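The file query37.cif comes next; it holds mmCIF, C-alpha atoms.
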```cif
data_structure
#
loop_
_atom_site.label_atom_id
_atom_site.label_comp_id
_atom_site.auth_asym_id
_atom_site.auth_seq_id
_atom_site.Cartn_x
_atom_site.Cartn_y
_atom_site.Cartn_z
CA MET A 139 119.43 114.19 116.59
CA ILE A 140 116.68 112.80 118.78
CA SER A 141 116.17 109.07 119.12
CA ALA A 142 113.12 107.31 117.75
CA ALA A 143 112.11 106.51 121.33
CA GLU A 144 112.35 110.20 122.32
CA PHE A 145 110.31 111.22 119.28
CA CYS A 146 107.49 108.80 120.13
CA ALA A 147 107.63 109.42 123.89
CA GLU A 148 107.36 113.19 123.50
CA LEU A 149 104.29 112.86 121.31
CA ASP A 150 102.79 110.31 123.72
CA GLU A 151 103.24 112.73 126.61
CA ARG A 152 101.46 115.45 124.65
CA GLY A 153 98.45 113.20 124.14
CA PHE A 154 98.87 112.10 120.55
CA THR A 155 97.08 108.81 120.17
CA VAL A 156 97.61 107.45 116.66
CA ALA A 157 99.83 107.93 113.62
CA SER A 158 99.44 107.25 109.94
CA GLY A 159 101.62 107.78 106.92
CA VAL A 160 103.61 106.46 104.01
CA PRO A 161 107.06 105.01 104.78
CA CYS A 162 110.17 107.14 104.63
CA SER A 163 113.63 106.12 105.80
CA TYR A 164 113.82 109.36 107.83
CA PHE A 165 110.97 108.00 110.00
CA GLY A 166 111.99 104.34 109.97
CA GLY A 167 112.65 104.38 113.72
CA PRO A 168 109.30 105.80 114.87
CA ILE A 169 107.36 103.64 112.42
CA ALA A 170 109.13 100.51 113.67
CA LEU A 171 108.39 101.41 117.31
CA LEU A 172 104.76 102.31 116.69
CA GLY A 173 104.25 99.25 114.49
CA GLY A 174 104.97 97.07 117.50
CA ARG A 175 102.14 98.74 119.46
CA PRO A 176 98.73 97.58 118.13
CA GLY A 177 96.52 100.37 116.89
CA ARG A 178 99.19 103.06 117.10
CA TYR A 179 100.27 103.19 113.44
CA ILE A 180 98.02 102.80 110.39
CA PRO A 181 99.97 102.36 107.15
CA ALA A 182 98.28 104.29 104.35
CA ALA A 183 98.27 103.51 100.64
CA ASN A 184 99.21 107.11 99.82
CA GLU A 185 99.75 110.47 101.49
CA GLY A 186 96.27 111.84 100.85
CA ALA A 187 94.71 108.74 102.38
CA ALA A 188 96.98 109.09 105.41
CA LEU A 189 95.66 112.61 105.98
CA ALA A 190 92.07 111.42 105.63
CA ILE A 191 92.72 108.63 108.15
CA ALA A 192 94.10 111.22 110.55
CA ALA A 193 91.09 113.47 109.94
CA GLY A 194 88.76 110.63 110.85
CA ALA A 195 90.70 109.96 114.03
CA ALA A 196 90.56 113.65 114.95
CA LEU A 197 86.80 113.82 114.36
CA ALA A 198 86.41 110.85 116.73
CA GLY A 199 88.26 112.73 119.46
CA GLY A 200 91.76 111.38 118.90
CA ARG A 201 94.97 113.35 118.41
CA PRO A 202 96.61 112.03 115.24
CA TYR A 203 99.82 112.82 113.42
CA LEU A 204 101.32 111.91 110.05
CA MET A 205 104.76 110.92 108.78
CA LEU A 206 105.57 111.16 105.08
CA GLN A 207 108.08 112.31 102.47
CA ASN A 208 107.91 115.74 100.87
CA SER A 209 108.19 113.93 97.52
CA GLY A 210 104.59 112.82 98.09
CA LEU A 211 103.36 116.14 99.44
CA GLY A 212 101.49 116.78 96.22
CA ASN A 213 99.22 113.82 96.98
CA LEU A 214 98.34 115.54 100.27
CA VAL A 215 97.39 118.97 98.94
CA ASN A 216 93.83 118.12 97.88
CA PRO A 217 92.61 116.69 101.22
CA LEU A 218 94.70 119.28 103.09
CA THR A 219 92.98 122.23 101.40
CA SER A 220 89.51 120.81 100.77
CA LEU A 221 89.11 118.61 103.86
CA THR A 222 91.18 119.47 106.93
CA MET A 223 91.58 123.22 106.30
CA THR A 224 87.99 123.67 105.12
CA TYR A 225 86.45 121.73 108.00
CA ARG A 226 89.04 122.98 110.53
CA ILE A 227 90.19 119.50 111.50
CA PRO A 228 93.51 119.74 113.40
CA VAL A 229 96.23 117.40 112.18
CA LEU A 230 99.98 117.46 112.88
CA ALA A 231 102.20 116.38 109.97
CA PHE A 232 105.89 115.46 109.98
CA VAL A 233 107.35 115.74 106.49
CA SER A 234 110.87 114.64 105.55
CA LEU A 235 112.89 117.16 103.58
CA ARG A 236 114.25 115.23 100.62
CA GLY A 237 116.32 117.38 98.28
CA TRP A 238 116.92 120.05 100.96
CA PRO A 239 118.88 122.16 101.75
CA ASP A 240 121.01 121.29 98.70
CA PRO A 241 119.31 119.19 96.00
CA ALA A 242 122.72 118.37 94.51
CA HIS A 243 123.29 116.04 97.46
CA ASP A 244 120.12 114.02 96.79
CA GLU A 245 118.56 112.12 93.89
CA PRO A 246 117.24 114.15 90.92
CA GLN A 247 113.58 113.27 91.53
CA HIS A 248 113.72 115.25 94.81
CA GLU A 249 115.07 118.49 93.37
CA VAL A 250 111.83 120.29 92.53
CA MET A 251 109.95 119.48 95.72
CA GLY A 252 113.06 119.84 97.87
CA THR A 253 113.45 123.46 96.85
CA SER A 254 109.69 124.18 96.91
CA THR A 255 108.36 122.59 100.10
CA HIS A 256 108.66 125.64 102.36
CA ALA A 257 107.28 127.98 99.71
CA LEU A 258 104.37 125.65 98.95
CA LEU A 259 103.28 125.59 102.58
CA ASP A 260 103.71 129.37 102.76
CA THR A 261 101.46 129.75 99.72
CA LEU A 262 98.81 127.56 101.34
CA GLY A 263 99.05 129.51 104.58
CA VAL A 264 100.08 126.46 106.60
CA HIS A 265 102.18 126.89 109.74
CA HIS A 266 105.49 125.03 109.58
CA GLY A 267 108.79 124.72 111.39
CA THR A 268 111.96 122.81 110.55
CA LEU A 269 113.57 120.18 112.78
CA ARG A 270 117.28 120.30 112.02
CA ALA A 271 119.62 117.37 112.50
CA ASP A 272 121.38 119.13 115.37
CA ALA A 273 118.22 120.30 117.15
CA GLY A 274 118.02 117.75 119.96
CA LEU A 275 115.04 117.16 122.24
CA CYS A 276 114.81 120.79 123.36
CA GLY A 277 114.62 121.91 119.74
CA PHE A 278 111.89 119.35 119.05
CA ARG A 279 109.84 120.62 121.99
CA ALA A 280 110.29 124.20 120.82
CA LEU A 281 108.66 123.26 117.51
CA LEU A 282 105.81 121.32 119.10
CA ASP A 283 104.70 124.22 121.31
CA PRO A 284 103.64 126.61 118.48
CA ALA A 285 102.28 123.62 116.55
CA ARG A 286 99.95 122.92 119.50
CA THR A 287 98.64 126.49 119.29
CA GLU A 288 97.76 125.96 115.62
CA LEU A 289 96.04 122.65 116.31
CA GLU A 290 93.98 124.13 119.15
CA ALA A 291 92.77 126.78 116.68
CA GLY A 292 91.63 124.05 114.26
CA ARG A 293 94.48 124.57 111.84
CA PRO A 294 97.05 122.08 110.52
CA ALA A 295 100.66 122.27 111.65
CA PHE A 296 103.66 120.90 109.78
CA ILE A 297 107.11 120.04 111.10
CA LEU A 298 109.63 119.56 108.30
CA VAL A 299 112.37 117.10 109.19
CA GLU A 300 115.94 117.28 107.96
CA LYS A 301 117.83 114.08 107.22
CA GLY A 302 119.34 112.66 110.39
CA ALA A 303 117.09 114.61 112.76
CA VAL A 304 115.33 111.46 114.03
CA GLY A 305 117.16 108.25 114.88
CA SER A 306 116.64 105.06 112.91
CA GLY A 307 115.20 101.82 114.17
CA GLU A 308 115.52 98.17 113.45
CA ALA A 309 113.53 96.94 110.46
CA PRO A 310 110.96 94.23 111.13
CA PRO A 311 111.82 90.72 109.95
CA ALA A 312 110.95 89.78 106.39
CA PRO A 313 107.93 87.48 106.01
CA GLU A 314 108.79 83.79 105.73
CA ARG A 315 107.30 82.41 102.52
CA GLU A 316 108.19 80.75 99.24
CA SER A 317 109.65 83.43 97.02
CA LEU A 318 111.86 84.21 94.05
CA ILE A 319 114.94 86.42 93.76
CA ALA A 320 113.92 89.75 92.24
CA ALA A 321 117.05 90.05 90.08
CA ASP A 322 116.32 86.63 88.54
CA VAL A 323 112.74 87.67 87.83
CA LEU A 324 113.94 90.81 86.05
CA ARG A 325 116.40 88.83 83.90
CA THR A 326 113.55 86.54 82.87
CA VAL A 327 111.33 89.52 82.04
CA ALA A 328 114.02 91.22 79.96
CA HIS A 329 114.69 88.00 78.05
CA ALA A 330 110.96 87.53 77.37
CA ALA A 331 110.61 91.14 76.17
CA GLY A 332 113.23 90.57 73.48
CA GLU A 333 114.33 93.49 71.33
CA ASP A 334 110.85 94.84 70.61
CA GLY A 335 109.15 94.85 74.02
CA LEU A 336 109.04 97.91 76.26
CA ILE A 337 109.59 97.57 80.01
CA VAL A 338 108.55 100.09 82.68
CA ALA A 339 110.21 99.45 86.06
CA SER A 340 108.67 100.94 89.18
CA THR A 341 110.58 103.30 91.45
CA GLY A 342 112.82 101.94 94.19
CA TYR A 343 114.96 98.84 94.00
CA THR A 344 113.05 97.39 91.02
CA ALA A 345 114.29 100.08 88.63
CA ARG A 346 117.80 99.85 90.08
CA GLU A 347 118.00 96.10 89.61
CA LEU A 348 116.63 96.14 86.09
CA PHE A 349 119.30 98.70 85.19
CA ALA A 350 121.95 96.46 86.78
CA VAL A 351 120.96 93.16 85.18
CA ALA A 352 119.50 94.10 81.78
CA ASP A 353 119.99 97.72 80.72
CA ARG A 354 118.49 98.41 77.30
CA PRO A 355 117.00 101.39 75.42
CA GLY A 356 113.49 99.95 75.78
CA ASN A 357 113.60 100.18 79.59
CA PHE A 358 112.01 103.10 81.41
CA TYR A 359 113.45 103.48 84.90
CA MET A 360 111.10 105.33 87.24
CA GLN A 361 112.52 107.45 90.07
CA GLY A 362 109.79 109.02 92.15
CA SER A 363 106.14 109.13 90.98
CA MET A 364 105.45 106.09 93.14
CA GLY A 365 102.37 104.16 92.12
CA HIS A 366 102.20 105.41 88.54
CA ALA A 367 104.26 102.80 86.67
CA VAL A 368 101.26 100.93 85.31
CA ALA A 369 99.58 104.19 84.24
CA ILE A 370 102.67 104.99 82.17
CA GLY A 371 102.42 101.48 80.77
CA LEU A 372 98.79 102.04 79.81
CA GLY A 373 99.70 105.19 77.89
CA LEU A 374 102.46 103.33 76.04
CA ALA A 375 100.25 100.33 75.29
CA GLN A 376 97.44 102.45 73.88
CA ALA A 377 99.87 104.39 71.69
CA ASP A 378 101.26 101.23 70.04
CA PRO A 379 98.87 98.29 70.55
CA ASP A 380 100.95 95.95 68.40
CA ARG A 381 103.94 96.11 70.73
CA PRO A 382 104.24 94.31 74.09
CA VAL A 383 104.49 96.59 77.12
CA ILE A 384 105.61 94.97 80.38
CA VAL A 385 105.21 96.90 83.65
CA VAL A 386 107.18 95.64 86.64
CA ASP A 387 105.53 97.03 89.76
CA GLY A 388 106.11 96.58 93.48
CA ASP A 389 103.49 95.69 96.06
CA GLY A 390 103.71 99.09 97.78
CA SER A 391 103.53 101.04 94.53
CA ALA A 392 100.66 98.95 93.17
CA LEU A 393 98.70 99.50 96.37
CA MET A 394 99.34 103.24 96.33
CA HIS A 395 97.10 103.77 93.29
CA LEU A 396 95.19 100.50 93.09
CA GLY A 397 92.34 102.22 91.27
CA THR A 398 94.47 102.35 88.11
CA LEU A 399 93.91 98.60 87.77
CA SER A 400 90.22 99.33 87.28
CA VAL A 401 91.05 101.81 84.51
CA ILE A 402 93.20 99.19 82.78
CA GLY A 403 90.42 96.63 83.05
CA ASN A 404 88.05 99.15 81.52
CA GLN A 405 90.39 100.14 78.67
CA ALA A 406 91.54 96.54 78.09
CA PRO A 407 94.86 97.19 76.31
CA PRO A 408 95.58 93.85 74.61
CA ASN A 409 99.36 94.25 74.77
CA LEU A 410 99.82 95.20 78.44
CA ILE A 411 101.50 92.77 80.86
CA HIS A 412 101.56 93.80 84.51
CA LEU A 413 103.84 92.09 87.03
CA VAL A 414 103.62 92.92 90.74
CA LEU A 415 106.75 91.89 92.65
CA ASP A 416 105.44 91.31 96.16
CA ASN A 417 107.96 91.05 98.98
CA GLY A 418 105.52 92.32 101.59
CA MET A 419 107.40 95.51 102.40
CA HIS A 420 108.51 98.99 101.39
CA GLU A 421 112.07 97.85 101.00
CA SER A 422 113.87 100.93 99.72
CA THR A 423 112.66 103.02 102.69
CA GLY A 424 113.85 100.57 105.33
CA GLY A 425 111.69 97.46 105.08
CA GLN A 426 108.46 98.72 106.66
CA PRO A 427 105.64 96.20 106.06
CA SER A 428 103.14 96.89 103.30
CA THR A 429 99.53 95.72 103.52
CA SER A 430 99.93 93.23 100.67
CA GLY A 431 99.58 90.29 103.04
CA THR A 432 95.81 90.75 102.98
CA THR A 433 95.60 91.61 99.26
CA ASP A 434 95.39 89.11 96.41
CA PHE A 435 96.52 91.15 93.41
CA ALA A 436 95.54 88.43 90.93
CA ALA A 437 92.01 88.30 92.34
CA VAL A 438 91.75 92.10 92.21
CA ALA A 439 92.91 92.12 88.59
CA THR A 440 90.35 89.50 87.62
CA ALA A 441 87.60 91.40 89.42
CA VAL A 442 88.32 94.68 87.60
CA GLY A 443 88.53 93.18 84.12
CA TYR A 444 92.08 91.99 83.35
CA HIS A 445 91.86 89.20 80.79
CA THR A 446 94.04 86.81 82.80
CA ALA A 447 95.72 86.88 86.20
CA MET A 448 98.03 84.42 87.94
CA ASN A 449 99.95 83.97 91.18
CA CYS A 450 103.54 82.98 90.38
CA ARG A 451 105.51 81.17 93.06
CA THR A 452 108.23 79.50 90.98
CA GLU A 453 110.44 80.37 88.03
CA SER A 454 108.51 77.92 85.86
CA ASP A 455 105.24 79.65 86.85
CA LEU A 456 106.69 82.97 85.70
CA GLU A 457 108.02 81.61 82.42
CA LEU A 458 104.65 79.98 81.68
CA PHE A 459 102.80 83.22 82.44
CA LEU A 460 105.04 85.34 80.21
CA ARG A 461 104.89 82.85 77.37
CA LYS A 462 101.10 82.83 77.40
CA ALA A 463 100.76 86.57 77.98
CA LEU A 464 102.98 87.43 75.03
CA HIS A 465 100.86 85.31 72.70
CA SER A 466 97.33 86.11 73.85
CA ARG A 467 95.08 89.10 74.25
CA GLY A 468 95.54 91.07 77.47
CA PRO A 469 95.70 92.80 79.77
CA HIS A 470 97.44 90.24 81.96
CA LEU A 471 98.68 90.40 85.56
CA ALA A 472 100.99 88.19 87.58
CA GLU A 473 101.65 88.52 91.29
CA VAL A 474 105.22 87.30 91.83
CA ARG A 475 106.38 86.59 95.37
CA THR A 476 109.92 87.85 95.82
CA ALA A 477 112.40 87.67 98.69
CA ARG A 478 113.94 90.56 100.58
CA ARG A 479 117.14 91.79 98.98
CA TYR A 480 120.45 91.56 100.82
CA GLY A 481 123.72 93.35 100.23
CA GLN A 482 124.28 96.75 98.71
CA ALA A 483 121.60 98.05 96.36
CA PRO A 484 122.64 98.56 92.72
CA PRO A 485 123.12 102.16 91.55
CA ARG A 486 120.22 104.05 90.01
CA ALA A 487 120.13 104.48 86.26
CA THR A 488 120.65 108.20 86.78
CA SER A 489 124.17 107.42 87.99
CA SER A 490 125.01 106.88 84.32
CA ALA A 491 122.96 109.64 82.65
CA ALA A 492 120.62 112.50 83.49
CA PRO A 493 116.89 111.66 83.70
CA HIS A 494 116.02 113.58 80.53
CA VAL A 495 118.76 111.73 78.62
CA LEU A 496 117.36 108.37 79.75
CA ALA A 497 113.86 109.52 78.81
CA ALA A 498 115.01 110.55 75.33
CA ARG A 499 116.72 107.19 74.83
CA PHE A 500 113.55 105.38 75.82
CA ALA A 501 111.38 107.63 73.65
CA ASN A 502 113.53 106.76 70.63
CA ALA A 503 112.95 103.08 71.35
CA ALA A 504 109.23 103.56 72.00
CA GLN A 505 108.83 105.49 68.77
CA ARG A 506 110.71 102.78 66.86
CA LYS A 507 113.46 105.13 65.75
CA GLY A 508 115.93 102.26 65.80
CA LEU A 509 118.63 103.97 67.86
CA SER A 510 120.88 101.80 70.00
CA SER A 511 122.38 102.58 73.40
#
```
I need this file expressed as structure tokens, please.
Amino acid sequence: MISAAEFCAELDERGFTVASGVPCSYFGGPIALLGGRPGRYIPAANEGAALAIAAGAALAGGRPYLMLQNSGLGNLVNPLTSLTMTYRIPVLAFVSLRGWPDPAHDEPQHEVMGTSTHALLDTLGVHHGTLRADAGLCGFRALLDPARTELEAGRPAFILVEKGAVGSGEAPPAPERESLIAADVLRTVAHAAGEDGLIVASTGYTARELFAVADRPGNFYMQGSMGHAVAIGLGLAQADPDRPVIVVDGDGSALMHLGTLSVIGNQAPPNLIHLVLDNGMHESTGGQPSTSGTTDFAAVATAVGYHTAMNCRTESDLELFLRKALHSRGPHLAEVRTARRYGQAPPRATSSAAPHVLAARFANAAQRKGLSS
């Protein structure tokens, strides 16, 4: 293992000037260190945007690098192949190896990409090396040297990072503000949904907590596919417009594909209720700050065509919103300020059943087949 300070210092010494990326617990240490140095880390909404930010920095004469999870590598492929490789813009990318070397020791959503990351980069003709957990600083330098050769030739270079290869750092403090407890919010949502309503819970701690406090056949627990919860909700709502569909999003996931809100405003599903739980951070990856502090989700929703939107700061605000939303034409959105979670995270739903089993249970509920858990 190399420390987060060694990781950042080595890249500083080699002239790298700015980093971008999407949070991953494997890079929590470097992100925390760089976040305390103004202008050194730009948090991106998604992996493709991070690469585009780096490309812009490179075109301006900077030497950028990225940090991201291999689970989001698919979001990177389009700008990698059509932007940086086509225009020969040199960018260095560090990619965490979730689901590798043995996917059985990770969560099921990492299995496919974990076993495909190396082959995918080989197929694209992208240079890559692997930083193992036992590599140390000399091993890190040995990977950076050939990467520099690729960058000088105008080609991208990837360093794939095994779990434990880079030391962790201290998470930044949670923002001080009036907020609700996420578990209490989810209980209220499940109660409001009743037996008929469908609930889609975004990936991360939101899906875990919903499973812990109110498991039911009509819950869809996302693992992976960050940012797509409300798109799933739109598909459900359009398929059965007489049935309430409640999507419980997070601030980071809503920001990742914010354009979907415009699609929802355009399609105007009358039965869709969208809640964004905003705690100002990417909590499940170590508490790195999101950019939600400068985003008013309710104002965005109103601007793109949601029928109603509200900022909820109290339990009574939330109850009032749900009561009105369930009895009026949507789509509706509520931004709900929530506090940082403390203590051990609840288990994922997949600790009780395989993903395809959970999906089949939900499909039975969504198709009104009347099967119980």
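Non-sequential neighbours of Arg293 (chain A) (distance at most 9 Å, separation of 2 or more positions within a chain, all atoms listed in the file) are Thr222, Met223, Arg226, Ile227, Pro228, Val229, Val264, His265, Thr287, Glu288, Leu289, Glu290, Ala291 and Ala295 of chain A.
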Next, dump the selected residues to file, keeping only C-alpha atoms, as a short mmCIF file (atom, residue, chain, number, x, y, z; two decimals), in the frame of the given file.
```cif
data_model
loop_
_atom_site.label_atom_id
_atom_site.label_comp_id
_atom_site.auth_asym_id
_atom_site.auth_seq_id
_atom_site.Cartn_x
_atom_site.Cartn_y
_atom_site.Cartn_z
CA THR A 222 91.18 119.47 106.93
CA MET A 223 91.58 123.22 106.30
CA ARG A 226 89.04 122.98 110.53
CA ILE A 227 90.19 119.50 111.50
CA PRO A 228 93.51 119.74 113.40
CA VAL A 229 96.23 117.40 112.18
CA VAL A 264 100.08 126.46 106.60
CA HIS A 265 102.18 126.89 109.74
CA THR A 287 98.64 126.49 119.29
CA GLU A 288 97.76 125.96 115.62
CA LEU A 289 96.04 122.65 116.31
CA GLU A 290 93.98 124.13 119.15
CA ALA A 291 92.77 126.78 116.68
CA ALA A 295 100.66 122.27 111.65
#
```
d(CA of Arg461 (chain A), CA of Leu336 (chain A)) in Å: 15.7 Å
Spatial neighbours of Ala143 (chain A), max dist 10 Å, all atoms listed in the file, sep filter under 6 positions, as number ranges by chain: A: 167-168, 171-172, 304-307
Counting all atoms listed in the file, the option among A:Leu206, A:Ala491, A:Ile411, A:Val351 closest to Cys162 (chain A):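 Checking each of A:Leu206, A:Ala491, A:Ile411, A:Val351 against Cys162 (chain A), counting all atoms listed in the file, the winner is A:Leu206.
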Picked residues, the PyMOL selection byres ((chain A and resi 443-446) around 8), as a ChimeraX atom specification: /A:400,402-404,406,439-442,447-448,467-471
Dump C-alpha atoms for the selected residues as a short mmCIF file (atom, residue, chain, number, x, y, z; two decimals), keeping the file's coordinate frame?
```
data_model
loop_
_atom_site.label_atom_id
_atom_site.label_comp_id
_atom_site.auth_asym_id
_atom_site.auth_seq_id
_atom_site.Cartn_x
_atom_site.Cartn_y
_atom_site.Cartn_z
CA SER A 400 90.22 99.33 87.28
CA ILE A 402 93.20 99.19 82.78
CA GLY A 403 90.42 96.63 83.05
CA ASN A 404 88.05 99.15 81.52
CA ALA A 406 91.54 96.54 78.09
CA ALA A 439 92.91 92.12 88.59
CA THR A 440 90.35 89.50 87.62
CA ALA A 441 87.60 91.40 89.42
CA VAL A 442 88.32 94.68 87.60
CA ALA A 447 95.72 86.88 86.20
CA MET A 448 98.03 84.42 87.94
CA ARG A 467 95.08 89.10 74.25
CA GLY A 468 95.54 91.07 77.47
CA PRO A 469 95.70 92.80 79.77
CA HIS A 470 97.44 90.24 81.96
CA LEU A 471 98.68 90.40 85.56
#
```
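Each of A:Ile297, A:Asp416, A:Glu473, A:Val327 was checked against Phe278 (chain A) using all atoms listed in the file; the smallest atom-to-atom distance is that of A:Ile297.
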(114.3, 109.6, 122.5) in this file's frame - what residues fall within 10 Å of it? Use all atoms listed in the file and give the answer as a compact mmCIF listing (two decimals) with C-alpha atoms, in the frame of the given file.
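As a result, result.txt now contains:
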```
# COMPACT_ATOMS: atom_id res chain seq x y z
CA MET A 139 119.43 114.19 116.59
CA ILE A 140 116.68 112.80 118.78
CA SER A 141 116.17 109.07 119.12
CA ALA A 142 113.12 107.31 117.75
CA ALA A 143 112.11 106.51 121.33
CA GLU A 144 112.35 110.20 122.32
CA PHE A 145 110.31 111.22 119.28
CA CYS A 146 107.49 108.80 120.13
CA ALA A 147 107.63 109.42 123.89
CA GLU A 148 107.36 113.19 123.50
CA PRO A 168 109.30 105.80 114.87
CA GLY A 274 118.02 117.75 119.96
CA LEU A 275 115.04 117.16 122.24
CA VAL A 304 115.33 111.46 114.03
CA GLY A 305 117.16 108.25 114.88
```
Residues returned when the PyMOL selection byres ((chain A and resi 369) around 12) runs on this file, as a count of residues only: 37
Selected residue of minimal separation from Ala350 (chain A) among A:Pro485, A:Gly335, A:Pro246, A:Gly210, counting all atoms listed in the file: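 Going through A:Pro485, A:Gly335, A:Pro246, A:Gly210 one by one, the smallest distance to Ala350 (chain A) is for A:Pro485.
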Point-to-point distance in Å for CA of Asn216 (chain A) and CA of Thr344 (chain A): 29.1 Å
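Counting only C-alpha atoms, the residue from A:Pro382, A:Pro284, A:Pro493, A:Gly342 that sits nearest to His420 (chain A) is A:Gly342.
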Can you take region 434-450 of chain A from the block and write N, CA, C and O atoms as a PDB file, in the first residue's frame?
```pdb
ATOM      1  N   ASP A 434     -30.549  23.777  -6.425  1.00  0.00           N
ATOM      2  CA  ASP A 434     -31.896  23.728  -5.857  1.00  0.00           C
ATOM      3  C   ASP A 434     -32.711  22.753  -6.713  1.00  0.00           C
ATOM      4  O   ASP A 434     -33.188  23.104  -7.788  1.00  0.00           O
ATOM      5  N   PHE A 435     -32.836  21.514  -6.238  1.00  0.00           N
ATOM      6  CA  PHE A 435     -33.517  20.496  -7.038  1.00  0.00           C
ATOM      7  C   PHE A 435     -34.971  20.864  -7.318  1.00  0.00           C
ATOM      8  O   PHE A 435     -35.489  20.585  -8.399  1.00  0.00           O
ATOM      9  N   ALA A 436     -35.633  21.470  -6.347  1.00  0.00           N
ATOM     10  CA  ALA A 436     -37.037  21.858  -6.555  1.00  0.00           C
ATOM     11  C   ALA A 436     -37.151  22.903  -7.660  1.00  0.00           C
ATOM     12  O   ALA A 436     -38.054  22.847  -8.504  1.00  0.00           O
ATOM     13  N   ALA A 437     -36.234  23.858  -7.676  1.00  0.00           N
ATOM     14  CA  ALA A 437     -36.260  24.884  -8.714  1.00  0.00           C
ATOM     15  C   ALA A 437     -35.960  24.274 -10.083  1.00  0.00           C
ATOM     16  O   ALA A 437     -36.578  24.642 -11.094  1.00  0.00           O
ATOM     17  N   VAL A 438     -35.029  23.338 -10.137  1.00  0.00           N
ATOM     18  CA  VAL A 438     -34.725  22.656 -11.395  1.00  0.00           C
ATOM     19  C   VAL A 438     -35.954  21.907 -11.895  1.00  0.00           C
ATOM     20  O   VAL A 438     -36.312  21.975 -13.078  1.00  0.00           O
ATOM     21  N   ALA A 439     -36.607  21.180 -10.994  1.00  0.00           N
ATOM     22  CA  ALA A 439     -37.788  20.409 -11.384  1.00  0.00           C
ATOM     23  C   ALA A 439     -38.882  21.312 -11.937  1.00  0.00           C
ATOM     24  O   ALA A 439     -39.518  21.001 -12.955  1.00  0.00           O
ATOM     25  N   THR A 440     -39.103  22.434 -11.290  1.00  0.00           N
ATOM     26  CA  THR A 440     -40.115  23.380 -11.775  1.00  0.00           C
ATOM     27  C   THR A 440     -39.736  23.907 -13.156  1.00  0.00           C
ATOM     28  O   THR A 440     -40.578  24.012 -14.055  1.00  0.00           O
ATOM     29  N   ALA A 441     -38.454  24.205 -13.329  1.00  0.00           N
ATOM     30  CA  ALA A 441     -37.996  24.777 -14.597  1.00  0.00           C
ATOM     31  C   ALA A 441     -38.146  23.803 -15.762  1.00  0.00           C
ATOM     32  O   ALA A 441     -38.367  24.233 -16.902  1.00  0.00           O
ATOM     33  N   VAL A 442     -38.017  22.487 -15.503  1.00  0.00           N
ATOM     34  CA  VAL A 442     -38.074  21.524 -16.605  1.00  0.00           C
ATOM     35  C   VAL A 442     -39.462  20.927 -16.795  1.00  0.00           C
ATOM     36  O   VAL A 442     -39.657  20.085 -17.676  1.00  0.00           O
ATOM     37  N   GLY A 443     -40.443  21.334 -15.992  1.00  0.00           N
ATOM     38  CA  GLY A 443     -41.809  20.927 -16.274  1.00  0.00           C
ATOM     39  C   GLY A 443     -42.489  20.002 -15.291  1.00  0.00           C
ATOM     40  O   GLY A 443     -43.601  19.526 -15.555  1.00  0.00           O
ATOM     41  N   TYR A 444     -41.863  19.702 -14.127  1.00  0.00           N
ATOM     42  CA  TYR A 444     -42.600  18.966 -13.095  1.00  0.00           C
ATOM     43  C   TYR A 444     -43.813  19.793 -12.686  1.00  0.00           C
ATOM     44  O   TYR A 444     -43.767  21.029 -12.653  1.00  0.00           O
ATOM     45  N   HIS A 445     -44.903  19.094 -12.362  1.00  0.00           N
ATOM     46  CA  HIS A 445     -46.137  19.808 -12.032  1.00  0.00           C
ATOM     47  C   HIS A 445     -46.000  20.570 -10.721  1.00  0.00           C
ATOM     48  O   HIS A 445     -46.428  21.733 -10.619  1.00  0.00           O
ATOM     49  N   THR A 446     -45.425  19.934  -9.711  1.00  0.00           N
ATOM     50  CA  THR A 446     -45.160  20.622  -8.446  1.00  0.00           C
ATOM     51  C   THR A 446     -43.779  20.224  -7.934  1.00  0.00           C
ATOM     52  O   THR A 446     -43.257  19.158  -8.269  1.00  0.00           O
ATOM     53  N   ALA A 447     -43.202  21.092  -7.112  1.00  0.00           N
ATOM     54  CA  ALA A 447     -41.907  20.808  -6.489  1.00  0.00           C
ATOM     55  C   ALA A 447     -41.854  21.538  -5.159  1.00  0.00           C
ATOM     56  O   ALA A 447     -42.412  22.629  -5.013  1.00  0.00           O
ATOM     57  N   MET A 448     -41.168  20.931  -4.188  1.00  0.00           N
ATOM     58  CA  MET A 448     -41.184  21.467  -2.827  1.00  0.00           C
ATOM     59  C   MET A 448     -39.876  21.123  -2.128  1.00  0.00           C
ATOM     60  O   MET A 448     -39.277  20.064  -2.373  1.00  0.00           O
ATOM     61  N   ASN A 449     -39.404  22.020  -1.281  1.00  0.00           N
ATOM     62  CA  ASN A 449     -38.280  21.737  -0.397  1.00  0.00           C
ATOM     63  C   ASN A 449     -38.828  21.330   0.966  1.00  0.00           C
ATOM     64  O   ASN A 449     -39.552  22.106   1.603  1.00  0.00           O
ATOM     65  N   CYS A 450     -38.515  20.124   1.397  1.00  0.00           N
ATOM     66  CA  CYS A 450     -39.010  19.604   2.673  1.00  0.00           C
ATOM     67  C   CYS A 450     -37.904  19.662   3.716  1.00  0.00           C
ATOM     68  O   CYS A 450     -36.831  19.081   3.518  1.00  0.00           O
TER      69      CYS A 450
END
```
